[in-house]
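Structure file entry_7.pdb with PDB, C-alpha atoms and all ligand atoms:
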ATOM      1  CA  MET V 192     -87.372 237.659  90.650
ATOM      2  CA  ASP V 193     -91.034 237.505  91.719
ATOM      3  CA  SER V 194     -94.122 236.433  89.790
ATOM      4  CA  LYS V 195     -94.764 239.987  88.568
ATOM      5  CA  THR V 196     -91.305 240.430  87.068
ATOM      6  CA  ILE V 197     -91.504 241.437  83.407
ATOM      7  CA  MET V 198     -88.889 239.759  81.244
ATOM      8  CA  THR V 199     -86.862 241.228  78.402
ATOM      9  CA  GLY V 200     -83.568 240.104  76.922
ATOM     10  CA  LEU V 201     -81.190 239.703  74.035
ATOM     11  CA  PHE V 202     -81.333 237.092  71.253
ATOM     12  CA  GLY V 203     -77.946 236.641  69.594
ATOM     13  CA  HIS V 204     -75.230 234.107  68.834
ATOM     14  CA  PRO V 205     -72.917 234.593  70.686
ATOM     15  CA  VAL V 206     -74.150 236.940  73.424
ATOM     16  CA  GLY V 207     -71.600 236.428  76.186
ATOM     17  CA  HIS V 208     -69.683 239.651  75.470
ATOM     18  CA  SER V 209     -72.733 241.941  75.434
ATOM     19  CA  LEU V 210     -73.006 244.918  77.792
ATOM     20  CA  SER V 211     -76.771 245.156  77.189
ATOM     21  CA  PRO V 212     -77.823 243.071  80.238
ATOM     22  CA  LEU V 213     -75.721 245.238  82.547
ATOM     23  CA  MET V 214     -76.996 248.471  80.973
ATOM     24  CA  HIS V 215     -80.701 247.527  80.928
ATOM     25  CA  ASN V 216     -80.792 245.997  84.409
ATOM     26  CA  GLN V 217     -79.137 249.144  85.765
ATOM     27  CA  ALA V 218     -81.756 251.267  83.959
ATOM     28  CA  PHE V 219     -84.635 249.164  85.356
ATOM     29  CA  ASP V 220     -83.166 249.419  88.872
ATOM     30  CA  VAL V 221     -82.670 253.190  88.678
ATOM     31  CA  CYS V 222     -86.286 253.638  87.505
ATOM     32  CA  ARG V 223     -87.561 251.112  90.106
ATOM     33  CA  LEU V 224     -89.203 249.045  87.381
ATOM     34  CA  ASN V 225     -89.825 245.357  88.049
ATOM     35  CA  TYR V 226     -88.223 244.272  84.781
ATOM     36  CA  ARG V 227     -85.196 242.024  84.109
ATOM     37  CA  TYR V 228     -83.015 241.608  81.000
ATOM     38  CA  ALA V 229     -81.196 238.351  80.247
ATOM     39  CA  PRO V 230     -78.939 237.187  77.371
ATOM     40  CA  PHE V 231     -80.094 234.182  75.289
ATOM     41  CA  ASP V 232     -77.661 232.408  72.974
ATOM     42  CA  ILE V 233     -79.886 231.163  70.133
ATOM     43  CA  PRO V 234     -78.436 229.030  67.305
ATOM     44  CA  PRO V 235     -79.670 230.209  63.874
ATOM     45  CA  GLU V 236     -81.811 227.118  63.264
ATOM     46  CA  GLN V 237     -83.831 227.816  66.419
ATOM     47  CA  ILE V 238     -84.604 231.491  65.932
ATOM     48  CA  GLY V 239     -88.241 230.858  64.866
ATOM     49  CA  GLN V 240     -88.937 228.848  68.019
ATOM     50  CA  ALA V 241     -87.190 231.471  70.134
ATOM     51  CA  VAL V 242     -89.421 234.228  68.719
ATOM     52  CA  ALA V 243     -92.507 232.084  69.407
ATOM     53  CA  GLY V 244     -91.133 231.749  72.949
ATOM     54  CA  ILE V 245     -91.482 235.522  73.480
ATOM     55  CA  ARG V 246     -95.255 235.047  73.164
ATOM     56  CA  ALA V 247     -95.418 231.727  75.002
ATOM     57  CA  LEU V 248     -93.427 232.973  77.983
ATOM     58  CA  GLY V 249     -95.037 236.412  78.059
ATOM     59  CA  PHE V 250     -91.807 238.383  77.610
ATOM     60  CA  ARG V 251     -92.383 242.127  77.075
ATOM     61  CA  GLY V 252     -89.796 242.068  74.309
ATOM     62  CA  VAL V 253     -86.211 241.452  73.305
ATOM     63  CA  ASN V 254     -83.284 243.013  71.526
ATOM     64  CA  VAL V 255     -81.983 241.102  68.536
ATOM     65  CA  THR V 256     -78.350 241.073  67.484
ATOM     66  CA  ILE V 257     -75.997 239.296  65.064
ATOM     67  CA  PRO V 258     -76.817 236.943  63.311
ATOM     68  CA  HIS V 259     -80.611 237.205  63.792
ATOM     69  CA  LYS V 260     -81.530 240.799  62.834
ATOM     70  CA  VAL V 261     -82.876 239.842  59.398
ATOM     71  CA  ALA V 262     -83.907 236.251  60.183
ATOM     72  CA  VAL V 263     -86.481 237.243  62.857
ATOM     73  CA  MET V 264     -88.522 239.397  60.484
ATOM     74  CA  PRO V 265     -90.786 236.717  58.941
ATOM     75  CA  TYR V 266     -91.811 235.516  62.418
ATOM     76  CA  LEU V 267     -93.186 238.887  63.528
ATOM     77  CA  ASP V 268     -96.801 240.114  63.239
ATOM     78  CA  GLU V 269     -95.707 243.579  62.124
ATOM     79  CA  VAL V 270     -92.493 245.369  61.162
ATOM     80  CA  ASP V 271     -92.479 249.146  61.390
ATOM     81  CA  GLU V 272     -91.733 251.259  58.321
ATOM     82  CA  GLU V 273     -88.222 252.333  59.319
ATOM     83  CA  ALA V 274     -87.135 248.749  60.099
ATOM     84  CA  LYS V 275     -88.548 247.671  56.721
ATOM     85  CA  ILE V 276     -86.414 250.267  54.911
ATOM     86  CA  ILE V 277     -83.343 249.240  56.917
ATOM     87  CA  GLY V 278     -84.190 245.574  56.300
ATOM     88  CA  ALA V 279     -83.411 244.486  59.857
ATOM     89  CA  VAL V 280     -84.955 244.460  63.340
ATOM     90  CA  ASN V 281     -83.060 245.010  66.595
ATOM     91  CA  THR V 282     -86.022 245.399  68.962
ATOM     92  CA  ILE V 283     -89.163 243.284  69.363
ATOM     93  CA  VAL V 284     -92.106 244.514  71.431
ATOM     94  CA  ASN V 285     -94.784 242.081  72.596
ATOM     95  CA  ASP V 286     -98.112 243.952  72.701
ATOM     96  CA  ASN V 287    -100.527 241.445  74.228
ATOM     97  CA  GLY V 288     -99.272 238.614  72.059
ATOM     98  CA  ARG V 289     -98.717 240.724  68.953
ATOM     99  CA  LEU V 290     -95.013 240.942  68.084
ATOM    100  CA  ILE V 291     -93.842 244.198  66.506
ATOM    101  CA  GLY V 292     -90.317 244.735  65.127
ATOM    102  CA  TYR V 293     -88.420 248.035  65.254
ATOM    103  CA  ASN V 294     -84.895 249.145  64.498
ATOM    104  CA  THR V 295     -83.440 251.634  66.993
ATOM    105  CA  ASP V 296     -79.790 251.467  65.817
ATOM    106  CA  GLY V 297     -79.881 254.352  63.349
ATOM    107  CA  ARG V 298     -82.081 256.622  65.458
ATOM    108  CA  GLY V 299     -79.886 255.833  68.470
ATOM    109  CA  TYR V 300     -76.823 256.811  66.463
ATOM    110  CA  VAL V 301     -78.300 260.115  65.285
ATOM    111  CA  ARG V 302     -79.559 261.052  68.762
ATOM    112  CA  SER V 303     -76.080 260.445  70.155
ATOM    113  CA  LEU V 304     -74.405 262.350  67.306
ATOM    114  CA  ILE V 305     -76.589 265.434  67.724
ATOM    115  CA  GLU V 306     -76.591 265.487  71.524
ATOM    116  CA  GLU V 307     -72.857 264.859  71.861
ATOM    117  CA  THR V 308     -71.570 267.112  69.055
ATOM    118  CA  GLY V 309     -74.308 269.714  68.526
ATOM    119  CA  ILE V 310     -73.993 269.530  64.717
ATOM    120  CA  VAL V 311     -76.848 270.416  62.354
ATOM    121  CA  LEU V 312     -77.492 267.491  59.995
ATOM    122  CA  GLU V 313     -78.904 269.648  57.181
ATOM    123  CA  GLU V 314     -75.531 271.435  56.947
ATOM    124  CA  GLN V 315     -73.411 268.286  56.701
ATOM    125  CA  SER V 316     -71.795 266.820  53.660
ATOM    126  CA  VAL V 317     -71.331 263.201  54.717
ATOM    127  CA  LEU V 318     -68.860 260.474  53.779
ATOM    128  CA  MET V 319     -69.890 257.100  55.184
ATOM    129  CA  VAL V 320     -67.240 254.398  55.055
ATOM    130  CA  GLY V 321     -68.752 250.895  54.971
ATOM    131  CA  ALA V 322     -72.040 249.477  53.696
ATOM    132  CA  GLY V 323     -72.837 246.612  56.090
ATOM    133  CA  GLY V 324     -75.784 246.120  58.451
ATOM    134  CA  ALA V 325     -74.940 248.965  60.833
ATOM    135  CA  ALA V 326     -74.297 251.331  57.908
ATOM    136  CA  ARG V 327     -77.825 250.718  56.571
ATOM    137  CA  GLY V 328     -79.489 251.783  59.812
ATOM    138  CA  VAL V 329     -77.240 254.799  60.241
ATOM    139  CA  ALA V 330     -77.692 255.959  56.630
ATOM    140  CA  VAL V 331     -81.499 255.713  56.811
ATOM    141  CA  ALA V 332     -81.590 257.716  60.055
ATOM    142  CA  LEU V 333     -79.123 260.364  58.809
ATOM    143  CA  LEU V 334     -81.203 260.950  55.671
ATOM    144  CA  GLN V 335     -84.540 260.865  57.498
ATOM    145  CA  LYS V 336     -83.283 263.330  60.122
ATOM    146  CA  GLY V 337     -81.932 265.939  57.695
ATOM    147  CA  VAL V 338     -78.771 264.953  55.777
ATOM    148  CA  VAL V 339     -79.209 265.712  52.057
ATOM    149  CA  ASP V 340     -75.783 264.787  50.669
ATOM    150  CA  LEU V 341     -74.292 261.347  51.381
ATOM    151  CA  VAL V 342     -71.372 259.517  49.746
ATOM    152  CA  ILE V 343     -70.981 255.825  50.622
ATOM    153  CA  ALA V 344     -67.523 254.255  50.202
ATOM    154  CA  ASN V 345     -67.113 250.510  50.580
ATOM    155  CA  ARG V 346     -64.489 247.838  49.849
ATOM    156  CA  SER V 347     -67.106 245.901  47.856
ATOM    157  CA  PHE V 348     -68.373 248.623  45.522
ATOM    158  CA  ASP V 349     -71.485 246.619  44.564
ATOM    159  CA  LYS V 350     -72.722 246.723  48.190
ATOM    160  CA  ALA V 351     -72.234 250.497  48.358
ATOM    161  CA  GLU V 352     -74.085 250.865  45.075
ATOM    162  CA  SER V 353     -76.966 248.671  46.095
ATOM    163  CA  LEU V 354     -77.316 250.536  49.430
ATOM    164  CA  ALA V 355     -77.226 253.891  47.612
ATOM    165  CA  ASN V 356     -79.958 252.707  45.211
ATOM    166  CA  ASP V 357     -82.144 251.411  48.059
ATOM    167  CA  LEU V 358     -81.782 254.714  49.910
ATOM    168  CA  GLN V 359     -82.555 256.832  46.827
ATOM    169  CA  SER V 360     -85.808 254.988  46.234
ATOM    170  CA  ALA V 361     -86.882 254.736  49.902
ATOM    171  CA  ILE V 362     -86.052 258.349  50.830
ATOM    172  CA  PRO V 363     -86.483 260.549  47.726
ATOM    173  CA  GLY V 364     -85.028 264.031  47.312
ATOM    174  CA  LYS V 365     -81.538 263.220  48.611
ATOM    175  CA  ARG V 366     -78.165 263.009  46.866
ATOM    176  CA  VAL V 367     -76.692 259.566  47.596
ATOM    177  CA  THR V 368     -73.598 258.390  45.719
ATOM    178  CA  ALA V 369     -71.563 255.179  45.891
ATOM    179  CA  ILE V 370     -67.771 255.020  45.488
ATOM    180  CA  SER V 371     -65.067 252.433  46.138
ATOM    181  CA  LEU V 372     -62.637 252.761  49.068
ATOM    182  CA  GLU V 373     -59.894 253.725  46.591
ATOM    183  CA  GLU V 374     -61.931 256.739  45.430
ATOM    184  CA  ILE V 375     -62.187 258.348  48.894
ATOM    185  CA  GLY V 376     -59.304 260.709  48.059
ATOM    186  CA  SER V 377     -61.292 262.435  45.326
ATOM    187  CA  SER V 378     -64.322 263.101  47.533
ATOM    188  CA  ILE V 379     -63.116 263.650  51.114
ATOM    189  CA  SER V 380     -61.848 267.247  50.834
ATOM    190  CA  LYS V 381     -65.427 268.617  50.523
ATOM    191  CA  ARG V 382     -66.857 266.493  53.347
ATOM    192  CA  THR V 383     -67.643 267.739  56.874
ATOM    193  CA  LEU V 384     -68.722 264.495  58.589
ATOM    194  CA  LEU V 385     -66.975 261.137  58.206
ATOM    195  CA  VAL V 386     -68.977 258.199  59.583
ATOM    196  CA  GLN V 387     -66.811 255.100  60.007
ATOM    197  CA  THR V 388     -69.061 252.006  59.981
ATOM    198  CA  THR V 389     -66.645 249.207  59.033
ATOM    199  CA  SER V 390     -65.131 246.792  61.550
ATOM    200  CA  ILE V 391     -61.628 248.113  60.768
ATOM    201  CA  GLY V 392     -59.971 249.338  63.960
ATOM    202  CA  MET V 393     -61.855 247.035  66.282
ATOM    203  CA  SER V 394     -60.033 245.140  68.975
ATOM    204  CA  PRO V 395     -57.642 243.283  68.509
ATOM    205  CA  LYS V 396     -56.554 245.027  65.231
ATOM    206  CA  VAL V 397     -56.620 248.432  66.890
ATOM    207  CA  SER V 398     -53.898 250.118  64.813
ATOM    208  CA  GLU V 399     -55.791 249.761  61.490
ATOM    209  CA  SER V 400     -57.810 252.490  59.760
ATOM    210  CA  PRO V 401     -59.873 252.383  56.542
ATOM    211  CA  VAL V 402     -58.767 255.929  55.549
ATOM    212  CA  PRO V 403     -55.080 256.901  55.160
ATOM    213  CA  LYS V 404     -54.127 259.649  57.626
ATOM    214  CA  ASP V 405     -52.904 261.997  54.895
ATOM    215  CA  LEU V 406     -56.423 262.173  53.412
ATOM    216  CA  LEU V 407     -57.977 263.502  56.644
ATOM    217  CA  HIS V 408     -58.416 267.267  57.107
ATOM    218  CA  LYS V 409     -59.249 269.387  60.113
ATOM    219  CA  ASN V 410     -62.760 270.373  58.966
ATOM    220  CA  LEU V 411     -63.909 266.758  59.389
ATOM    221  CA  LEU V 412     -65.879 265.511  62.353
ATOM    222  CA  ILE V 413     -64.850 261.854  62.612
ATOM    223  CA  SER V 414     -67.590 259.639  64.009
ATOM    224  CA  ASP V 415     -66.797 255.949  64.535
ATOM    225  CA  LEU V 416     -69.443 253.315  65.338
ATOM    226  CA  ILE V 417     -66.815 251.204  67.094
ATOM    227  CA  TYR V 418     -66.645 251.562  70.893
ATOM    228  CA  ASN V 419     -64.073 248.877  71.674
ATOM    229  CA  PRO V 420     -61.553 250.493  71.723
ATOM    230  CA  LEU V 421     -63.130 253.747  72.897
ATOM    231  CA  LYS V 422     -60.775 255.664  70.574
ATOM    232  CA  THR V 423     -59.972 254.089  67.204
ATOM    233  CA  GLN V 424     -56.918 254.675  65.025
ATOM    234  CA  ILE V 425     -58.846 256.897  62.588
ATOM    235  CA  GLN V 426     -60.002 259.050  65.523
ATOM    236  CA  LYS V 427     -56.431 259.273  66.883
ATOM    237  CA  ASP V 428     -55.150 260.225  63.424
ATOM    238  CA  GLY V 429     -57.868 262.865  63.107
ATOM    239  CA  GLU V 430     -57.261 264.374  66.540
ATOM    240  CA  GLU V 431     -53.570 264.776  65.705
ATOM    241  CA  ILE V 432     -54.497 267.139  62.875
ATOM    242  CA  GLY V 433     -57.247 268.960  64.808
ATOM    243  CA  CYS V 434     -60.421 267.005  63.923
ATOM    244  CA  ARG V 435     -63.300 266.633  66.365
ATOM    245  CA  THR V 436     -64.310 263.033  67.079
ATOM    246  CA  HIS V 437     -67.457 261.199  68.180
ATOM    247  CA  SER V 438     -67.510 257.691  69.696
ATOM    248  CA  GLY V 439     -69.785 254.705  68.982
ATOM    249  CA  VAL V 440     -70.521 254.237  72.666
ATOM    250  CA  GLY V 441     -73.328 256.809  72.453
ATOM    251  CA  MET V 442     -75.009 254.806  69.672
ATOM    252  CA  PHE V 443     -74.936 251.721  71.853
ATOM    253  CA  ILE V 444     -76.482 253.590  74.790
ATOM    254  CA  TYR V 445     -79.194 255.385  72.796
ATOM    255  CA  GLN V 446     -80.271 252.343  70.760
ATOM    256  CA  GLY V 447     -80.770 250.617  74.120
ATOM    257  CA  ALA V 448     -82.544 253.655  75.561
ATOM    258  CA  LEU V 449     -85.065 253.626  72.695
ATOM    259  CA  SER V 450     -85.720 249.878  73.217
ATOM    260  CA  PHE V 451     -86.153 250.524  76.949
ATOM    261  CA  GLU V 452     -88.706 253.252  76.175
ATOM    262  CA  TYR V 453     -90.678 250.947  73.832
ATOM    263  CA  TRP V 454     -90.891 248.243  76.517
ATOM    264  CA  THR V 455     -91.554 250.391  79.584
ATOM    265  CA  ASN V 456     -93.145 253.634  78.270
ATOM    266  CA  HIS V 457     -90.757 255.264  80.735
ATOM    267  CA  LYS V 458     -88.000 257.784  79.895
ATOM    268  CA  ALA V 459     -84.632 256.034  79.825
ATOM    269  CA  PRO V 460     -82.071 257.129  82.464
ATOM    270  CA  ILE V 461     -79.376 257.913  79.879
ATOM    271  CA  GLU V 462     -76.681 259.162  82.239
ATOM    272  CA  GLU V 463     -76.895 256.142  84.559
ATOM    273  CA  MET V 464     -76.814 253.839  81.528
ATOM    274  CA  ARG V 465     -73.769 255.656  80.186
ATOM    275  CA  LYS V 466     -72.022 255.525  83.560
ATOM    276  CA  VAL V 467     -72.334 251.756  83.967
ATOM    277  CA  VAL V 468     -71.290 251.061  80.354
ATOM    278  CA  MET V 469     -68.294 253.409  80.544
ATOM    279  CA  SER V 470     -67.100 251.899  83.814
ATOM    280  CA  LYS V 471     -67.101 248.450  82.199
ATOM    281  CA  LEU V 472     -65.435 249.641  78.961
ATOM    282  CA  GLU V 473     -62.712 251.534  80.821
ATOM    283  CA  MET V 474     -61.861 248.329  82.719
ATOM    284  CA  ARG V 475     -61.260 246.404  79.460
TER
HETATM  285  P1  LIG B   1     -71.110 243.988  58.720
HETATM  286  O1  LIG B   1     -72.524 243.997  58.302
HETATM  287  O2  LIG B   1     -70.341 242.715  58.741
HETATM  288  O3  LIG B   1     -70.322 245.059  57.775
HETATM  289  C1  LIG B   1     -68.927 245.190  57.862
HETATM  290  C2  LIG B   1     -68.450 246.351  56.997
HETATM  291  O4  LIG B   1     -67.029 246.482  57.193
HETATM  292  C3  LIG B   1     -68.655 246.160  55.499
HETATM  293  O5  LIG B   1     -68.852 247.409  54.881
HETATM  294  C4  LIG B   1     -67.306 245.537  55.064
HETATM  295  O6  LIG B   1     -66.998 245.749  53.710
HETATM  296  C5  LIG B   1     -66.357 246.330  55.921
HETATM  297  N1  LIG B   1     -65.087 245.641  56.148
HETATM  298  C6  LIG B   1     -64.854 244.608  56.996
HETATM  299  N2  LIG B   1     -63.553 244.249  56.951
HETATM  300  C7  LIG B   1     -62.959 245.066  56.046
HETATM  301  C8  LIG B   1     -61.621 245.206  55.555
HETATM  302  N3  LIG B   1     -60.653 244.421  55.994
HETATM  303  N4  LIG B   1     -61.372 246.168  54.638
HETATM  304  C9  LIG B   1     -62.358 246.987  54.199
HETATM  305  N5  LIG B   1     -63.650 246.910  54.620
HETATM  306  C10 LIG B   1     -63.941 245.959  55.532
HETATM  307  O7  LIG B   1     -70.940 244.580  60.206
HETATM  308  P2  LIG B   1     -71.880 245.638  60.959
HETATM  309  O8  LIG B   1     -72.885 244.916  61.760
HETATM  310  O9  LIG B   1     -72.326 246.636  59.965
HETATM  311  O10 LIG B   1     -70.853 246.304  62.000
HETATM  312  C11 LIG B   1     -69.835 247.182  61.561
HETATM  313  C12 LIG B   1     -69.173 247.874  62.741
HETATM  314  O11 LIG B   1     -70.118 248.681  63.440
HETATM  315  C13 LIG B   1     -68.579 246.918  63.775
HETATM  316  O12 LIG B   1     -67.320 247.401  64.150
HETATM  317  C14 LIG B   1     -69.535 247.001  64.942
HETATM  318  O13 LIG B   1     -68.881 246.827  66.184
HETATM  319  C15 LIG B   1     -70.034 248.439  64.832
HETATM  320  N6  LIG B   1     -71.375 248.591  65.423
HETATM  321  C16 LIG B   1     -71.512 249.444  66.485
HETATM  322  C17 LIG B   1     -72.766 249.598  67.066
HETATM  323  C18 LIG B   1     -72.918 250.542  68.239
HETATM  324  O14 LIG B   1     -73.915 250.429  68.974
HETATM  325  N7  LIG B   1     -72.004 251.468  68.450
HETATM  326  C19 LIG B   1     -73.869 248.894  66.569
HETATM  327  C20 LIG B   1     -73.693 248.050  65.469
HETATM  328  C21 LIG B   1     -72.432 247.897  64.909
HETATM  329  P3  LIG B   1     -67.463 244.664  52.581
HETATM  330  O15 LIG B   1     -68.886 244.964  52.278
HETATM  331  O16 LIG B   1     -66.553 244.930  51.451
HETATM  332  O17 LIG B   1     -67.273 243.301  53.194
END

Is it possible to express this structure as structure tokens?
Ligand code: NAP
Amino acid sequence: MDSKTIMTGLFGHPVGHSLSPLMHNQAFDVCRLNYRYAPFDIPPEQIGQAVAGIRALGFRGVNVTIPHKVAVMPYLDEVDEEAKIIGAVNTIVNDNGRLIGYNTDGRGYVRSLIEETGIVLEEQSVLMVGAGGAARGVAVALLQKGVVDLVIANRSFDKAESLANDLQSAIPGKRVTAISLEEIGSSISKRTLLVQTTSIGMSPKVSESPVPKDLLHKNLLISDLIYNPLKTQIQKDGEEIGCRTHSGVGMFIYQGALSFEYWTNHKAPIEEMRKVVMSKLEMR
């Protein structure tokens, strides 16, 4: 690292498992940019000082992950409109000492979904399972990019309802409905896209699925935000009856690509980023 190296990184707690340093450093190398990306494990009580450190140390910016995505917001000079609607920031850009917060998760998801499946969002009737942090970003981006009909099913019905209400008022003109997980059966037959945003099916509980196999039908495209494992139980169940599937790995790559583009003003080398991430995931 020389004196002109521009620093970026990841603020999280923990951060040891993250593939972001590998992916971003590969992208900087491929583009011959004198940038580096490092992980920083920040305890919650020190997040304010860590954000001030971005300015003090002259970092170009950072990604923010669990548990800091909401907590960083009051320490920023500006939060863009989309991140405000989502209520969380995953990317900070330092523009000459002015810290601006963005959220690239949802847009990253939608870019991956469209490029990898070719579907037209306006034509989709969507069932989203889960109403946590990732679901918020994905739902905002789906509605902003063309989806008009969205049903949100969640174990805690009140969270689905409150997300549906927030979305209705932030993005008018859409049909957004909340149901409980038990009510999926009455709504799924008319749906064309199922977006799985819960943590069910993640390693190590890889044989679990939030939707019973007998409710799936072959007209569904099953998109899962999880990428470890690369194929989840709900995707395996769907493929057995002829469903198309879409993996969460693309969301991870594209959310990073958008952050990279904010920091460098340089087009992200998507295929090289995908290659290095896939090689690591396939080794796991
Ligand atoms: P979160 O805010 O903690 O939300 C978790 C969601 O899962 C909630 O809807 C929760 O329901 C539901 N849930 C958890 N355990 C459940 C169970 N046993 N039964 C039924 N529902 C359950 O987490 P998050 O940040 O949104 O992340 C969710 C998933 O998305 C994770 O698997 C994460 O790896 C993945 N993700 C992927 C990317 C990517 O780049 N591909 C990015 C972000 C997240 P309740 O509300 O009822 O608790």

Range 411-422 of chain V surroundings by all atoms listed in the file, 7 Å radius, close-in-sequence under 4 positions cut, as an MDAnalysis selection string: chainID V and resid 382:388 393:394 426:427 434:440

9 Å shell around ligand LIG 1 (chain B) using all atoms listed in the file, listed as an MDAnalysis selection string: chainID V and resid 256:257 296:297 299:300 320:328 344:351 372 387:393 400:401 415:419 438:447

Output of the PyMOL selection byres (((chain V and resi 340) around 9) and not hetatm), listed as a PyMOL selection string: chain V and resi 313+315-318+334+338-339+341-342+365-368

Hits of the PyMOL selection byres (((chain V and resi 336) around 10) and not hetatm) in this structure, as a list in words: Arg298, Val301, Arg302, Val311, Leu312, Glu313, Ala330, Val331, Ala332, Leu333, Leu334, Gln335, Gly337, Val338 and Val339 of chain V

Atoms to include: C-alpha atoms. Write the selected residues as a PDB file, in the frame of the given file.
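Here's the written file out.pdb:
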ATOM      1  CA  ARG V 298     -82.081 256.622  65.458  1.00  0.00           C
ATOM      2  CA  VAL V 301     -78.300 260.115  65.285  1.00  0.00           C
ATOM      3  CA  ARG V 302     -79.559 261.052  68.762  1.00  0.00           C
ATOM      4  CA  VAL V 311     -76.848 270.416  62.354  1.00  0.00           C
ATOM      5  CA  LEU V 312     -77.492 267.491  59.995  1.00  0.00           C
ATOM      6  CA  GLU V 313     -78.904 269.648  57.181  1.00  0.00           C
ATOM      7  CA  ALA V 330     -77.692 255.959  56.630  1.00  0.00           C
ATOM      8  CA  VAL V 331     -81.499 255.713  56.811  1.00  0.00           C
ATOM      9  CA  ALA V 332     -81.590 257.716  60.055  1.00  0.00           C
ATOM     10  CA  LEU V 333     -79.123 260.364  58.809  1.00  0.00           C
ATOM     11  CA  LEU V 334     -81.203 260.950  55.671  1.00  0.00           C
ATOM     12  CA  GLN V 335     -84.540 260.865  57.498  1.00  0.00           C
ATOM     13  CA  GLY V 337     -81.932 265.939  57.695  1.00  0.00           C
ATOM     14  CA  VAL V 338     -78.771 264.953  55.777  1.00  0.00           C
ATOM     15  CA  VAL V 339     -79.209 265.712  52.057  1.00  0.00           C
TER      16      VAL V 339
END

Using the chain letters and numbers from this file, what does the PyMOL selection byres (((chain V and resi 228) around 10) and not hetatm) select? Give the answer as an mmCIF file with C-alpha atoms, keeping the file's coordinate frame.
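So the final result, stored in result_4.cif, reads:
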data_model
loop_
_atom_site.group_PDB
_atom_site.id
_atom_site.type_symbol
_atom_site.label_atom_id
_atom_site.label_comp_id
_atom_site.auth_asym_id
_atom_site.auth_seq_id
_atom_site.Cartn_x
_atom_site.Cartn_y
_atom_site.Cartn_z
ATOM 1 C CA ILE V 197 -91.504 241.437 83.407
ATOM 2 C CA MET V 198 -88.889 239.759 81.244
ATOM 3 C CA THR V 199 -86.862 241.228 78.402
ATOM 4 C CA GLY V 200 -83.568 240.104 76.922
ATOM 5 C CA LEU V 201 -81.190 239.703 74.035
ATOM 6 C CA SER V 211 -76.771 245.156 77.189
ATOM 7 C CA PRO V 212 -77.823 243.071 80.238
ATOM 8 C CA LEU V 213 -75.721 245.238 82.547
ATOM 9 C CA MET V 214 -76.996 248.471 80.973
ATOM 10 C CA HIS V 215 -80.701 247.527 80.928
ATOM 11 C CA ASN V 216 -80.792 245.997 84.409
ATOM 12 C CA GLN V 217 -79.137 249.144 85.765
ATOM 13 C CA PHE V 219 -84.635 249.164 85.356
ATOM 14 C CA TYR V 226 -88.223 244.272 84.781
ATOM 15 C CA ARG V 227 -85.196 242.024 84.109
ATOM 16 C CA ALA V 229 -81.196 238.351 80.247
ATOM 17 C CA PRO V 230 -78.939 237.187 77.371
ATOM 18 C CA PHE V 231 -80.094 234.182 75.289
ATOM 19 C CA PHE V 250 -91.807 238.383 77.610
ATOM 20 C CA GLY V 252 -89.796 242.068 74.309
ATOM 21 C CA VAL V 253 -86.211 241.452 73.305
ATOM 22 C CA ASN V 254 -83.284 243.013 71.526
#

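Rounded to one decimal, CA of Ala262 in chain V and CA of Leu449 in chain V lie 21.4 Å from each other.
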
Non-local contacts of Asn285 in chain V (12 Å; all atoms listed in the file; under 6 positions in same chain excluded) as a compact mmCIF listing (two decimals) with C-alpha atoms, in the frame of the given file:
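After the write, around-v1.txt holds the following:
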# COMPACT_ATOMS: atom_id res chain seq x y z
CA ILE V 197 -91.50 241.44 83.41
CA MET V 198 -88.89 239.76 81.24
CA THR V 199 -86.86 241.23 78.40
CA VAL V 242 -89.42 234.23 68.72
CA ALA V 243 -92.51 232.08 69.41
CA GLY V 244 -91.13 231.75 72.95
CA ILE V 245 -91.48 235.52 73.48
CA ARG V 246 -95.26 235.05 73.16
CA ALA V 247 -95.42 231.73 75.00
CA LEU V 248 -93.43 232.97 77.98
CA GLY V 249 -95.04 236.41 78.06
CA PHE V 250 -91.81 238.38 77.61
CA ARG V 251 -92.38 242.13 77.08
CA GLY V 252 -89.80 242.07 74.31
CA VAL V 253 -86.21 241.45 73.31
CA ASN V 254 -83.28 243.01 71.53
CA LEU V 267 -93.19 238.89 63.53
CA ASP V 268 -96.80 240.11 63.24
CA GLU V 269 -95.71 243.58 62.12
CA ILE V 291 -93.84 244.20 66.51
CA GLY V 292 -90.32 244.74 65.13
CA TYR V 293 -88.42 248.04 65.25
CA SER V 450 -85.72 249.88 73.22
CA TYR V 453 -90.68 250.95 73.83
CA TRP V 454 -90.89 248.24 76.52
CA THR V 455 -91.55 250.39 79.58

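Considering the residues V:Arg289, V:Ala218, V:Glu430, V:Ile310 and counting all atoms listed in the file, Ile461 in chain V has its shortest atom-to-atom contact with V:Ala218.
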
Residues near His408 in chain V, cut-off 9 Å, all atoms listed in the file, skip fewer than 3 positions along chain, as a list of chain:residue names: V:Ile379, V:Ser380, V:Lys404, V:Asp405, V:Leu411, V:Gly429, V:Ile432, V:Gly433, V:Cys434

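A straight line drawn from CA of Asp286 in chain V to CA of Ile362 in chain V is 28.8 Å long.
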
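Distances from V:Ile238, V:Thr196, V:Leu210, V:Ile425 to Ser470 in chain V were compared using all atoms listed in the file, and the smallest one belongs to V:Leu210.
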
Distance of CA of Ser353 in chain V from CA of Glu314 in chain V, expressed in Å to one decimal place: 25.3 Å
